>>> print(open('my_file-v7.pdb').read())   # PDB, C-alpha atoms, pLDDT in the B column
MODEL        1
ATOM      1  CA  MET A1000      90.185  87.598 117.772  1.00 80.00           C
ATOM      2  CA  THR A1001      92.397  88.885 120.560  1.00 86.00           C
ATOM      3  CA  GLU A1002      89.777  87.873 123.108  1.00 90.00           C
ATOM      4  CA  HIS A1003      89.720  84.350 121.670  1.00 89.00           C
ATOM      5  CA  VAL A1004      93.513  84.046 121.903  1.00 89.00           C
ATOM      6  CA  ILE A1005      93.584  85.341 125.480  1.00 90.00           C
ATOM      7  CA  ARG A1006      90.842  82.890 126.493  1.00 90.00           C
ATOM      8  CA  TRP A1007      92.618  79.964 124.787  1.00 90.00           C
ATOM      9  CA  LYS A1008      95.920  80.861 126.429  1.00 90.00           C
ATOM     10  CA  THR A1009      94.245  81.048 129.836  1.00 91.00           C
ATOM     11  CA  ARG A1010      92.577  77.649 129.361  1.00 90.00           C
ATOM     12  CA  TYR A1011      95.856  76.047 128.234  1.00 88.00           C
ATOM     13  CA  GLU A1012      97.820  77.517 131.131  1.00 86.00           C
ATOM     14  CA  PHE A1013      95.130  76.287 133.545  1.00 86.00           C
ATOM     15  CA  ALA A1014      95.394  72.776 132.072  1.00 86.00           C
ATOM     16  CA  LEU A1015      99.192  72.871 132.405  1.00 83.00           C
ATOM     17  CA  GLU A1016      98.880  73.963 136.021  1.00 83.00           C
ATOM     18  CA  GLU A1017      96.330  71.257 136.804  1.00 82.00           C
ATOM     19  CA  PHE A1018      98.589  68.648 135.205  1.00 80.00           C
ATOM     20  CA  GLY A1019     101.414  69.892 137.419  1.00 76.00           C
ATOM     21  CA  VAL A1020     103.717  71.189 134.691  1.00 66.00           C
ATOM     22  CA  THR A1021     104.067  74.660 136.224  1.00 60.00           C
ATOM     23  CA  ALA A1022     105.875  75.600 139.399  1.00 51.00           C
ATOM     24  CA  ALA A1023     102.511  76.111 141.129  1.00 56.00           C
ATOM     25  CA  GLY A1024     101.788  72.390 140.973  1.00 57.00           C
ATOM     26  CA  GLY A1025      98.086  71.812 140.526  1.00 59.00           C
ATOM     27  CA  GLN A1026      95.296  69.428 141.418  1.00 65.00           C
ATOM     28  CA  GLY A1027      96.907  66.511 139.655  1.00 73.00           C
ATOM     29  CA  ILE A1028      94.908  65.658 136.568  1.00 78.00           C
ATOM     30  CA  THR A1029      96.019  62.633 134.580  1.00 80.00           C
ATOM     31  CA  ARG A1030      97.981  62.786 131.357  1.00 81.00           C
ATOM     32  CA  GLU A1031      94.878  61.543 129.532  1.00 85.00           C
ATOM     33  CA  GLN A1032      92.785  64.385 130.992  1.00 86.00           C
ATOM     34  CA  PHE A1033      95.454  66.902 130.030  1.00 84.00           C
ATOM     35  CA  GLU A1034      95.677  65.512 126.484  1.00 88.00           C
ATOM     36  CA  ALA A1035      91.857  65.594 126.171  1.00 91.00           C
ATOM     37  CA  GLN A1036      91.754  69.242 127.278  1.00 90.00           C
ATOM     38  CA  LYS A1037      94.591  70.099 124.921  1.00 90.00           C
ATOM     39  CA  GLU A1038      92.851  68.348 121.995  1.00 93.00           C
ATOM     40  CA  ALA A1039      89.524  70.071 122.748  1.00 93.00           C
ATOM     41  CA  LEU A1040      91.281  73.433 122.773  1.00 94.00           C
ATOM     42  CA  ARG A1041      93.093  72.647 119.500  1.00 93.00           C
ATOM     43  CA  LYS A1042      89.790  71.702 117.858  1.00 95.00           C
ATOM     44  CA  GLU A1043      88.114  74.882 119.094  1.00 93.00           C
ATOM     45  CA  ILE A1044      90.959  77.011 117.691  1.00 92.00           C
ATOM     46  CA  ILE A1045      90.762  75.275 114.302  1.00 93.00           C
ATOM     47  CA  ASP A1046      86.966  75.593 114.199  1.00 94.00           C
ATOM     48  CA  THR A1047      87.086  79.282 115.103  1.00 92.00           C
ATOM     49  CA  VAL A1048      89.729  80.065 112.490  1.00 90.00           C
ATOM     50  CA  ALA A1049      87.820  78.084 109.868  1.00 91.00           C
ATOM     51  CA  SER A1050      84.619  79.993 110.626  1.00 91.00           C
ATOM     52  CA  MET A1051      86.425  83.334 110.302  1.00 87.00           C
ATOM     53  CA  LYS A1052      88.287  82.438 107.101  1.00 84.00           C
ATOM     54  CA  PRO A1053      85.460  83.237 104.610  1.00 84.00           C
ATOM     55  CA  ARG A1054      84.815  86.600 106.263  1.00 78.00           C
ATOM     56  CA  THR A1055      88.526  87.475 106.271  1.00 76.00           C
ATOM     57  CA  ILE A1056      88.984  86.510 102.631  1.00 76.00           C
ATOM     58  CA  GLY A1057      85.818  88.405 101.714  1.00 77.00           C
ATOM     59  CA  GLU A1058      87.207  91.569 103.279  1.00 72.00           C
ATOM     60  CA  LEU A1059      90.379  91.360 101.190  1.00 70.00           C
TER      61      LEU A1059
ENDMDL
END
>>> encode(input="my_file-v7.pdb", output="structure tokens")
Amino acid sequence: MTEHVIRWKTRYEFALEEFGVTAAGGQGITREQFEAQKEALRKEIIDTVASMKPRTIGEL
């Protein structure tokens, strides 16, 4: 799970940088592109957690 979180954090920080939110600037993606990347990441997180839920509950 830690590897998932690290990968998600890296992807989100990259999107922020590309959008130009960080001090480093970025390539200048549009707000729509940033929102699409953010939504895709959110969906992946939810899907991953949902797939792990039965296994986690089963181990309790």
>>> axis_aligned_box(input="my_file-v7.pdb", around="region 1030-1043 of chain A", padding_each_side="3 Å", output="lines of an AutoDock Vina configuration file")
center_x = 93.0
center_y = 68.2
center_z = 124.6
size_x = 15.9
size_y = 19.3
size_z = 19.5
>>> resolve_selection(input="my_file-v7.pdb", expression="the PyMOL selection byres ((chain A and resi 1029) around 12)", output="ChimeraX atom specification")
/A:1014-1020,1025-1028,1030-1036
>>> closest_residue(input="my_file-v7.pdb", among="A:Ile1044, A:Glu1058, A:Ala1049, A:Ala1039", to="Val1004 (chain A)", atoms="all atoms listed in the file")
A:Ile1044
>>> closest_residue(input="my_file-v7.pdb", among="A:Met1000, A:Glu1012, A:Arg1006, A:Glu1038", to="Thr1055 (chain A)", atoms="all atoms listed in the file")
A:Met1000
>>> atom_distance(input="my_file-v7.pdb", atom1="CA of His1003 (chain A)", atom2="CA of Thr1047 (chain A)")
8.7 Å
>>> atom_distance(input="my_file-v7.pdb", atom1="CA of Lys1008 (chain A)", atom2="CA of Gly1057 (chain A)")
27.7 Å
>>> closest_residue(input="my_file-v7.pdb", among="A:Ile1045, A:Leu1040, A:Met1051, A:Leu1059", to="Arg1010 (chain A)", atoms="all atoms listed in the file")
A:Leu1040
